[in-house]
>>> print(open('start06.pdb').read())   # PDB, C-alpha atoms
ATOM      1  CA  MET A  29       3.133   5.898 -15.551  1.00  0.00           C
ATOM      2  CA  LYS A  30       4.333   8.362 -12.908  1.00  0.00           C
ATOM      3  CA  LYS A  31       1.307  10.577 -13.623  1.00  0.00           C
ATOM      4  CA  HIS A  32      -1.058   7.629 -13.189  1.00  0.00           C
ATOM      5  CA  LEU A  33       0.564   6.691  -9.867  1.00  0.00           C
ATOM      6  CA  ILE A  34       0.135  10.240  -8.583  1.00  0.00           C
ATOM      7  CA  ILE A  35      -3.548  10.286  -9.563  1.00  0.00           C
ATOM      8  CA  ALA A  36      -4.105   6.897  -7.884  1.00  0.00           C
ATOM      9  CA  ALA A  37      -2.408   8.132  -4.711  1.00  0.00           C
ATOM     10  CA  VAL A  38      -4.623  11.235  -4.628  1.00  0.00           C
ATOM     11  CA  ILE A  39      -7.781   9.122  -5.048  1.00  0.00           C
ATOM     12  CA  LEU A  40      -6.653   6.704  -2.329  1.00  0.00           C
ATOM     13  CA  ALA A  41      -5.863   9.565   0.052  1.00  0.00           C
ATOM     14  CA  ALA A  42      -9.288  11.122  -0.539  1.00  0.00           C
ATOM     15  CA  PHE A  43     -10.994   7.789   0.114  1.00  0.00           C
ATOM     16  CA  ALA A  44      -9.020   7.273   3.327  1.00  0.00           C
ATOM     17  CA  ALA A  45      -9.884  10.771   4.523  1.00  0.00           C
ATOM     18  CA  GLY A  46     -13.552  10.179   3.837  1.00  0.00           C
ATOM     19  CA  LEU A  47     -13.525   6.858   5.657  1.00  0.00           C
ATOM     20  CA  GLY A  48     -11.739   8.414   8.608  1.00  0.00           C
ATOM     21  CA  SER A  49     -14.317  11.188   8.820  1.00  0.00           C
ATOM     22  CA  PHE A  50     -17.115   8.603   8.847  1.00  0.00           C
ATOM     23  CA  LEU A  51     -15.516   6.638  11.661  1.00  0.00           C
ATOM     24  CA  LEU A  52     -14.970   9.783  13.715  1.00  0.00           C
ATOM     25  CA  LEU A  53     -18.633  10.807  13.554  1.00  0.00           C
ATOM     26  CA  ALA A  54     -20.808  10.206  16.588  1.00  0.00           C
ATOM     27  CA  PRO A  55     -23.339   7.424  15.903  1.00  0.00           C
ATOM     28  CA  GLU A  56     -26.262   9.858  15.808  1.00  0.00           C
ATOM     29  CA  ASP A  57     -24.514  11.774  13.016  1.00  0.00           C
ATOM     30  CA  ARG A  58     -24.261   8.781  10.714  1.00  0.00           C
ATOM     31  CA  ASP A  59     -27.890   7.890  10.108  1.00  0.00           C
ATOM     32  CA  ARG A  60     -29.749  11.062   9.300  1.00  0.00           C
ATOM     33  CA  GLY A  61     -32.492  11.930   6.849  1.00  0.00           C
ATOM     34  CA  MET A  62     -35.977  13.377   6.584  1.00  0.00           C
ATOM     35  CA  VAL A  63     -38.600  11.302   8.392  1.00  0.00           C
ATOM     36  CA  GLU A  64     -41.898  11.767   6.594  1.00  0.00           C
ATOM     37  CA  VAL A  65     -44.209  12.351   9.561  1.00  0.00           C
ATOM     38  CA  GLU A  66     -45.186  15.476  11.481  1.00  0.00           C
ATOM     39  CA  ALA A  67     -43.644  16.115  14.883  1.00  0.00           C
ATOM     40  CA  ALA A  68     -45.942  15.560  17.843  1.00  0.00           C
ATOM     41  CA  ALA A  69     -47.228  18.815  19.317  1.00  0.00           C
ATOM     42  CA  GLN A  70     -46.832  17.471  22.867  1.00  0.00           C
ATOM     43  CA  ALA A  71     -44.015  14.971  22.452  1.00  0.00           C
ATOM     44  CA  GLN A  72     -43.165  12.573  25.247  1.00  0.00           C
ATOM     45  CA  PRO A  73     -40.081  10.362  25.672  1.00  0.00           C
ATOM     46  CA  VAL A  74     -42.256   7.598  27.161  1.00  0.00           C
ATOM     47  CA  ARG A  75     -45.889   6.644  26.739  1.00  0.00           C
ATOM     48  CA  GLU A  76     -47.979   3.913  28.302  1.00  0.00           C
ATOM     49  CA  THR A  77     -47.766   1.999  25.005  1.00  0.00           C
ATOM     50  CA  SER A  78     -43.956   2.230  24.755  1.00  0.00           C
ATOM     51  CA  HIS A  79     -42.189  -1.127  24.624  1.00  0.00           C
ATOM     52  CA  ARG A  80     -40.383  -1.879  27.881  1.00  0.00           C
ATOM     53  CA  LEU A  81     -37.400  -4.205  27.814  1.00  0.00           C
ATOM     54  CA  THR A  82     -37.304  -4.202  31.621  1.00  0.00           C
ATOM     55  CA  SER A  83     -40.071  -3.519  34.143  1.00  0.00           C
ATOM     56  CA  PRO A  84     -38.568  -3.346  37.640  1.00  0.00           C
ATOM     57  CA  GLN A  85     -40.974  -3.297  40.581  1.00  0.00           C
ATOM     58  CA  ARG A  86     -39.377  -0.070  41.765  1.00  0.00           C
ATOM     59  CA  SER A  87     -37.890   1.764  38.827  1.00  0.00           C
ATOM     60  CA  GLU A  88     -35.211   4.276  39.820  1.00  0.00           C
ATOM     61  CA  LEU A  89     -34.293   5.441  36.320  1.00  0.00           C
ATOM     62  CA  THR A  90     -35.680   5.308  32.775  1.00  0.00           C
ATOM     63  CA  VAL A  91     -33.487   4.911  29.682  1.00  0.00           C
ATOM     64  CA  VAL A  92     -35.201   5.394  26.313  1.00  0.00           C
ATOM     65  CA  GLU A  93     -33.605   4.619  22.946  1.00  0.00           C
ATOM     66  CA  PHE A  94     -35.048   5.813  19.641  1.00  0.00           C
ATOM     67  CA  LEU A  95     -33.684   3.240  17.226  1.00  0.00           C
ATOM     68  CA  ASP A  96     -33.595   1.908  13.685  1.00  0.00           C
ATOM     69  CA  PHE A  97     -33.063  -1.853  13.339  1.00  0.00           C
ATOM     70  CA  GLU A  98     -31.049  -1.368  10.143  1.00  0.00           C
ATOM     71  CA  CYS A  99     -28.822   1.341  11.611  1.00  0.00           C
ATOM     72  CA  GLU A 100     -25.258   0.056  12.055  1.00  0.00           C
ATOM     73  CA  ALA A 101     -24.653   2.389  15.003  1.00  0.00           C
ATOM     74  CA  CYS A 102     -27.759   0.972  16.720  1.00  0.00           C
ATOM     75  CA  GLY A 103     -26.460  -2.519  16.044  1.00  0.00           C
ATOM     76  CA  ALA A 104     -23.097  -1.555  17.488  1.00  0.00           C
ATOM     77  CA  VAL A 105     -24.619  -0.214  20.724  1.00  0.00           C
ATOM     78  CA  TYR A 106     -27.052  -3.141  21.093  1.00  0.00           C
ATOM     79  CA  PRO A 107     -24.599  -5.401  23.024  1.00  0.00           C
ATOM     80  CA  ALA A 108     -23.880  -2.588  25.494  1.00  0.00           C
ATOM     81  CA  VAL A 109     -27.585  -1.983  26.061  1.00  0.00           C
ATOM     82  CA  GLU A 110     -28.122  -5.718  26.579  1.00  0.00           C
ATOM     83  CA  LYS A 111     -25.295  -5.854  29.098  1.00  0.00           C
ATOM     84  CA  LEU A 112     -26.627  -2.814  30.942  1.00  0.00           C
ATOM     85  CA  ARG A 113     -30.161  -4.102  31.196  1.00  0.00           C
ATOM     86  CA  ALA A 114     -28.893  -7.460  32.424  1.00  0.00           C
ATOM     87  CA  GLU A 115     -26.975  -5.598  35.131  1.00  0.00           C
ATOM     88  CA  TYR A 116     -29.539  -2.925  36.019  1.00  0.00           C
ATOM     89  CA  GLY A 117     -32.840  -4.434  34.908  1.00  0.00           C
ATOM     90  CA  ASP A 118     -34.066  -4.658  38.495  1.00  0.00           C
ATOM     91  CA  ARG A 119     -33.536  -0.905  39.006  1.00  0.00           C
ATOM     92  CA  VAL A 120     -33.735   0.726  35.569  1.00  0.00           C
ATOM     93  CA  THR A 121     -36.558   0.714  33.014  1.00  0.00           C
ATOM     94  CA  PHE A 122     -35.126   0.300  29.502  1.00  0.00           C
ATOM     95  CA  ILE A 123     -37.468   1.333  26.687  1.00  0.00           C
ATOM     96  CA  ALA A 124     -37.113   0.902  22.920  1.00  0.00           C
ATOM     97  CA  ARG A 125     -38.935   3.223  20.529  1.00  0.00           C
ATOM     98  CA  TYR A 126     -39.122   2.999  16.757  1.00  0.00           C
ATOM     99  CA  PHE A 127     -37.402   5.572  14.564  1.00  0.00           C
ATOM    100  CA  PRO A 128     -36.757   3.972  11.133  1.00  0.00           C
ATOM    101  CA  MET A 129     -34.694   6.220   8.892  1.00  0.00           C
ATOM    102  CA  PRO A 130     -35.715   6.762   5.249  1.00  0.00           C
ATOM    103  CA  GLY A 131     -32.237   6.015   3.924  1.00  0.00           C
ATOM    104  CA  HIS A 132     -32.573   2.356   4.918  1.00  0.00           C
ATOM    105  CA  LYS A 133     -34.488   0.127   2.520  1.00  0.00           C
ATOM    106  CA  ASN A 134     -35.763  -2.336   5.139  1.00  0.00           C
ATOM    107  CA  ALA A 135     -35.943  -0.133   8.239  1.00  0.00           C
ATOM    108  CA  ARG A 136     -39.715   0.419   8.200  1.00  0.00           C
ATOM    109  CA  LEU A 137     -40.343  -3.217   7.298  1.00  0.00           C
ATOM    110  CA  ALA A 138     -38.116  -4.276  10.204  1.00  0.00           C
ATOM    111  CA  ALA A 139     -40.047  -2.042  12.594  1.00  0.00           C
ATOM    112  CA  ARG A 140     -43.356  -3.429  11.291  1.00  0.00           C
ATOM    113  CA  THR A 141     -41.981  -6.950  11.744  1.00  0.00           C
ATOM    114  CA  VAL A 142     -41.082  -6.288  15.374  1.00  0.00           C
ATOM    115  CA  GLU A 143     -44.422  -4.618  16.060  1.00  0.00           C
ATOM    116  CA  ALA A 144     -46.293  -7.533  14.437  1.00  0.00           C
ATOM    117  CA  ALA A 145     -44.328  -9.912  16.671  1.00  0.00           C
ATOM    118  CA  ALA A 146     -45.122  -7.722  19.688  1.00  0.00           C
ATOM    119  CA  GLN A 147     -48.823  -8.306  19.067  1.00  0.00           C
ATOM    120  CA  GLN A 148     -48.155 -11.971  19.821  1.00  0.00           C
ATOM    121  CA  GLY A 149     -46.054 -11.202  22.899  1.00  0.00           C
ATOM    122  CA  LYS A 150     -42.720 -11.579  21.098  1.00  0.00           C
ATOM    123  CA  PHE A 151     -41.411  -8.021  20.960  1.00  0.00           C
ATOM    124  CA  GLU A 152     -38.185  -8.694  22.809  1.00  0.00           C
ATOM    125  CA  GLU A 153     -37.467 -11.879  20.873  1.00  0.00           C
ATOM    126  CA  MET A 154     -37.861 -10.231  17.450  1.00  0.00           C
ATOM    127  CA  TYR A 155     -36.043  -7.090  18.634  1.00  0.00           C
ATOM    128  CA  GLY A 156     -33.044  -9.249  19.557  1.00  0.00           C
ATOM    129  CA  LYS A 157     -33.325 -11.382  16.426  1.00  0.00           C
ATOM    130  CA  LEU A 158     -33.101  -8.435  14.062  1.00  0.00           C
ATOM    131  CA  PHE A 159     -30.126  -6.884  15.822  1.00  0.00           C
ATOM    132  CA  THR A 160     -28.164 -10.139  16.122  1.00  0.00           C
ATOM    133  CA  THR A 161     -28.752 -10.898  12.411  1.00  0.00           C
ATOM    134  CA  GLN A 162     -28.349  -7.339  11.133  1.00  0.00           C
ATOM    135  CA  ALA A 163     -25.211  -8.241   9.154  1.00  0.00           C
ATOM    136  CA  GLN A 164     -27.270 -10.736   7.134  1.00  0.00           C
ATOM    137  CA  TRP A 165     -29.892  -8.265   5.896  1.00  0.00           C
ATOM    138  CA  GLY A 166     -28.817  -4.695   6.674  1.00  0.00           C
ATOM    139  CA  GLU A 167     -27.997  -2.307   3.817  1.00  0.00           C
ATOM    140  CA  ALA A 168     -29.690  -4.606   1.276  1.00  0.00           C
ATOM    141  CA  SER A 169     -31.272  -2.973  -1.773  1.00  0.00           C
ATOM    142  CA  GLU A 170     -34.051  -5.558  -1.977  1.00  0.00           C
ATOM    143  CA  SER A 171     -36.913  -6.277   0.402  1.00  0.00           C
ATOM    144  CA  LYS A 172     -36.090  -8.756   3.173  1.00  0.00           C
ATOM    145  CA  GLU A 173     -39.705  -9.622   3.951  1.00  0.00           C
ATOM    146  CA  ALA A 174     -39.195 -13.316   3.126  1.00  0.00           C
ATOM    147  CA  LEU A 175     -36.281 -13.497   5.578  1.00  0.00           C
ATOM    148  CA  PHE A 176     -38.233 -11.677   8.289  1.00  0.00           C
ATOM    149  CA  ARG A 177     -41.109 -14.113   7.798  1.00  0.00           C
ATOM    150  CA  GLU A 178     -38.647 -16.939   8.369  1.00  0.00           C
ATOM    151  CA  TYR A 179     -37.592 -15.310  11.623  1.00  0.00           C
ATOM    152  CA  ALA A 180     -41.266 -15.142  12.619  1.00  0.00           C
ATOM    153  CA  ARG A 181     -41.625 -18.865  11.965  1.00  0.00           C
ATOM    154  CA  GLU A 182     -38.495 -19.574  14.009  1.00  0.00           C
ATOM    155  CA  LEU A 183     -40.057 -17.688  16.920  1.00  0.00           C
ATOM    156  CA  GLY A 184     -43.177 -19.831  16.637  1.00  0.00           C
ATOM    157  CA  LEU A 185     -45.536 -17.023  15.644  1.00  0.00           C
ATOM    158  CA  ASP A 186     -48.967 -17.672  14.179  1.00  0.00           C
ATOM    159  CA  MET A 187     -48.146 -16.730  10.591  1.00  0.00           C
ATOM    160  CA  GLU A 188     -51.688 -15.820   9.605  1.00  0.00           C
ATOM    161  CA  LYS A 189     -51.909 -13.353  12.501  1.00  0.00           C
ATOM    162  CA  PHE A 190     -48.379 -12.141  11.808  1.00  0.00           C
ATOM    163  CA  THR A 191     -49.194 -11.387   8.157  1.00  0.00           C
ATOM    164  CA  ALA A 192     -52.380  -9.570   9.117  1.00  0.00           C
ATOM    165  CA  ALA A 193     -50.520  -7.446  11.667  1.00  0.00           C
ATOM    166  CA  LEU A 194     -47.624  -6.776   9.288  1.00  0.00           C
ATOM    167  CA  ASN A 195     -50.024  -5.330   6.698  1.00  0.00           C
ATOM    168  CA  ASP A 196     -52.367  -3.586   9.138  1.00  0.00           C
ATOM    169  CA  PRO A 197     -52.270   0.236   8.793  1.00  0.00           C
ATOM    170  CA  ALA A 198     -52.534   0.367  12.608  1.00  0.00           C
ATOM    171  CA  THR A 199     -49.080  -1.228  12.811  1.00  0.00           C
ATOM    172  CA  THR A 200     -47.590   1.507  10.647  1.00  0.00           C
ATOM    173  CA  GLU A 201     -49.440   4.113  12.712  1.00  0.00           C
ATOM    174  CA  ARG A 202     -47.933   2.665  15.902  1.00  0.00           C
ATOM    175  CA  ILE A 203     -44.435   3.104  14.466  1.00  0.00           C
ATOM    176  CA  GLU A 204     -45.154   6.603  13.186  1.00  0.00           C
ATOM    177  CA  ALA A 205     -46.446   7.595  16.623  1.00  0.00           C
ATOM    178  CA  ASP A 206     -42.977   6.860  18.000  1.00  0.00           C
ATOM    179  CA  GLN A 207     -41.408   8.832  15.156  1.00  0.00           C
ATOM    180  CA  ARG A 208     -43.671  11.829  15.817  1.00  0.00           C
ATOM    181  CA  ASP A 209     -42.628  11.853  19.465  1.00  0.00           C
ATOM    182  CA  GLY A 210     -38.991  11.536  18.439  1.00  0.00           C
ATOM    183  CA  LEU A 211     -39.200  14.459  16.042  1.00  0.00           C
ATOM    184  CA  GLY A 212     -40.996  16.540  18.655  1.00  0.00           C
ATOM    185  CA  LEU A 213     -38.145  15.820  21.068  1.00  0.00           C
ATOM    186  CA  GLY A 214     -35.493  16.825  18.541  1.00  0.00           C
ATOM    187  CA  VAL A 215     -34.421  13.343  17.411  1.00  0.00           C
ATOM    188  CA  GLN A 216     -32.654  13.606  14.048  1.00  0.00           C
ATOM    189  CA  GLY A 217     -30.744  10.359  13.831  1.00  0.00           C
ATOM    190  CA  THR A 218     -30.254   6.998  15.461  1.00  0.00           C
ATOM    191  CA  PRO A 219     -29.517   5.921  18.073  1.00  0.00           C
ATOM    192  CA  THR A 220     -30.741   8.723  20.331  1.00  0.00           C
ATOM    193  CA  PHE A 221     -30.973   8.183  24.091  1.00  0.00           C
ATOM    194  CA  PHE A 222     -33.006   9.910  26.793  1.00  0.00           C
ATOM    195  CA  VAL A 223     -32.376   9.356  30.503  1.00  0.00           C
ATOM    196  CA  ASP A 224     -35.277  10.345  32.724  1.00  0.00           C
ATOM    197  CA  GLY A 225     -36.679  12.457  29.910  1.00  0.00           C
ATOM    198  CA  LEU A 226     -33.483  14.319  29.060  1.00  0.00           C
ATOM    199  CA  ARG A 227     -31.523  13.691  25.895  1.00  0.00           C
ATOM    200  CA  ILE A 228     -27.915  12.667  26.482  1.00  0.00           C
ATOM    201  CA  PRO A 229     -24.900  12.621  24.144  1.00  0.00           C
ATOM    202  CA  ASN A 230     -24.362   9.097  22.904  1.00  0.00           C
ATOM    203  CA  PRO A 231     -21.939   7.314  25.280  1.00  0.00           C
ATOM    204  CA  ALA A 232     -18.733   6.261  23.565  1.00  0.00           C
ATOM    205  CA  SER A 233     -18.560   2.884  25.317  1.00  0.00           C
ATOM    206  CA  TYR A 234     -20.312   0.499  27.676  1.00  0.00           C
ATOM    207  CA  GLU A 235     -18.107   1.764  30.506  1.00  0.00           C
ATOM    208  CA  GLU A 236     -19.122   5.377  29.864  1.00  0.00           C
ATOM    209  CA  PHE A 237     -22.814   4.449  29.698  1.00  0.00           C
ATOM    210  CA  ARG A 238     -22.504   2.415  32.906  1.00  0.00           C
ATOM    211  CA  ALA A 239     -20.784   5.312  34.681  1.00  0.00           C
ATOM    212  CA  LEU A 240     -23.609   7.639  33.640  1.00  0.00           C
ATOM    213  CA  ILE A 241     -26.227   5.237  35.022  1.00  0.00           C
ATOM    214  CA  GLU A 242     -24.271   4.763  38.238  1.00  0.00           C
ATOM    215  CA  LYS A 243     -24.013   8.529  38.698  1.00  0.00           C
ATOM    216  CA  ARG A 244     -27.756   9.009  38.193  1.00  0.00           C
ATOM    217  CA  LEU A 245     -28.643   6.139  40.526  1.00  0.00           C
ATOM    218  CA  ALA A 246     -26.341   7.520  43.227  1.00  0.00           C
ATOM    219  CA  ARG A 247     -28.503  10.640  43.372  1.00  0.00           C
ATOM    220  CA  ARG A 248     -31.578   8.632  44.365  1.00  0.00           C
TER
END
>>> encode(input="start06.pdb", output="structure tokens")
Amino acid sequence: MKKHLIIAAVILAAFAAGLGSFLLLAPEDRDRGMVEVEAAAQAQPVRETSHRLTSPQRSELTVVEFLDFECEACGAVYPAVEKLRAEYGDRVTFIARYFPMPGHKNARLAARTVEAAAQQGKFEEMYGKLFTTQAQWGEASESKEALFREYARELGLDMEKFTAALNDPATTERIEADQRDGLGLGVQGTPTFFVDGLRIPNPASYEEFRALIEKRLARR
């Protein structure tokens, strides 16, 4: 009995150590893997086609996030990004770029879903929908296409057009174009942020991110 208790204690300690290591990792260190596209030869943090969450008349700063809708770290930072763009949306351009990671079963499907919604002018709505419902579908081993189609109906999308866009190779190409830029810029995991074209370490909190933005704006 004593021997069994010792073995159980060792296993529990190892599990706790592993969990602690996971929680101590920076978000960009948690969701890594090989993305199966070639890096862009002339990568750019922002392109004319990039999805803008804010479009101020006079933009003083640009914040770009390469993200994966199934990534828990991206879901965790989403409320902070929303709060920041509500506060600075009239001065800062916030841009979201696709970077689905291969370790997530529904990441590419989620990106295709958002891009299909974008073709009907509903990028922001589907972007928010997938992050606010991530706990309902993230880390699933089965396809969540039926659920995503329900979200599309809730947003009032034309389902025939949505289905066509979802299955259109051009939609996948649009997502892979973002991934190629990300790889060319050194993106290895999600989320990864660029401020005015320069990659920054992931802020540890909303307050830290806000302070960074304030410091950059003060230089203008």
>>> closest_residue(input="start06.pdb", among="A:Leu211, A:Val223, A:Leu81, A:Ala139", to="A:Glu66", atoms="all atoms listed in the file")
A:Leu211
>>> resolve_selection(input="start06.pdb", expression="the PyMOL selection byres ((chain A and resi 123-132) around 8)", output="NGL selection string")
:A and (59-63 or 74 or 78-82 or 90-99 or 121-122 or 133-136 or 139 or 167 or 203-204 or 206-207 or 210 or 217-218)
>>> residues_around(input="start06.pdb", residues="A:Glu143", least_positions_apart="2", cutoff="10 Å", atoms="only C-alpha atoms", output="number ranges by chain")
A: 79, 126, 137-141, 145-151, 154-155, 190, 193-194, 199-200, 202-203
>>> atom_distance(input="start06.pdb", atom1="atom CA of A:Ala232", atom2="atom CA of A:Glu88")
23.2 Å
>>> closest_residue(input="start06.pdb", among="A:Gln70, A:Ser171, A:Ser233, A:Gln164", to="A:Tyr106", atoms="all atoms listed in the file")
A:Ser233
>>> resolve_selection(input="start06.pdb", expression="the PyMOL selection byres ((chain A and resi 241) around 12)", output="number ranges by chain")
A: 88-91, 109, 112-113, 115-117, 119-122, 222-224, 228, 231, 234-240, 242-248
>>> closest_residue(input="start06.pdb", among="A:Phe221, A:Ala205, A:Glu170, A:Phe176", to="A:Thr77", atoms="only C-alpha atoms")
A:Ala205
>>> residues_around(input="start06.pdb", residues="A:Ala163", least_positions_apart="4", cutoff="10 Å", atoms="all atoms listed in the file", output="ChimeraX atom specification")
/A:98,100,103,158-159,167-168
>>> closest_residue(input="start06.pdb", among="A:Asn230, A:Thr191, A:Ser83, A:Thr160", to="A:Arg177", atoms="all atoms listed in the file")
A:Thr191
>>> atom_distance(input="start06.pdb", atom1="atom CA of A:Gln162", atom2="atom CA of A:Tyr179")
12.2 Å
>>> atom_distance(input="start06.pdb", atom1="atom CA of A:Pro197", atom2="atom CA of A:Gly225")
29.0 Å
>>> closest_residue(input="start06.pdb", among="A:Pro219, A:Ser87, A:Val65, A:Val142", to="A:Gly156", atoms="only C-alpha atoms")
A:Val142
>>> axis_aligned_box(input="start06.pdb", around="stretch 80-92 of chain A", padding_each_side="3 Å", output="JSON")
{"center_x": -37.2, "center_y": 0.6, "center_z": 34.0, "size_x": 13.5, "size_y": 15.6, "size_z": 21.5}
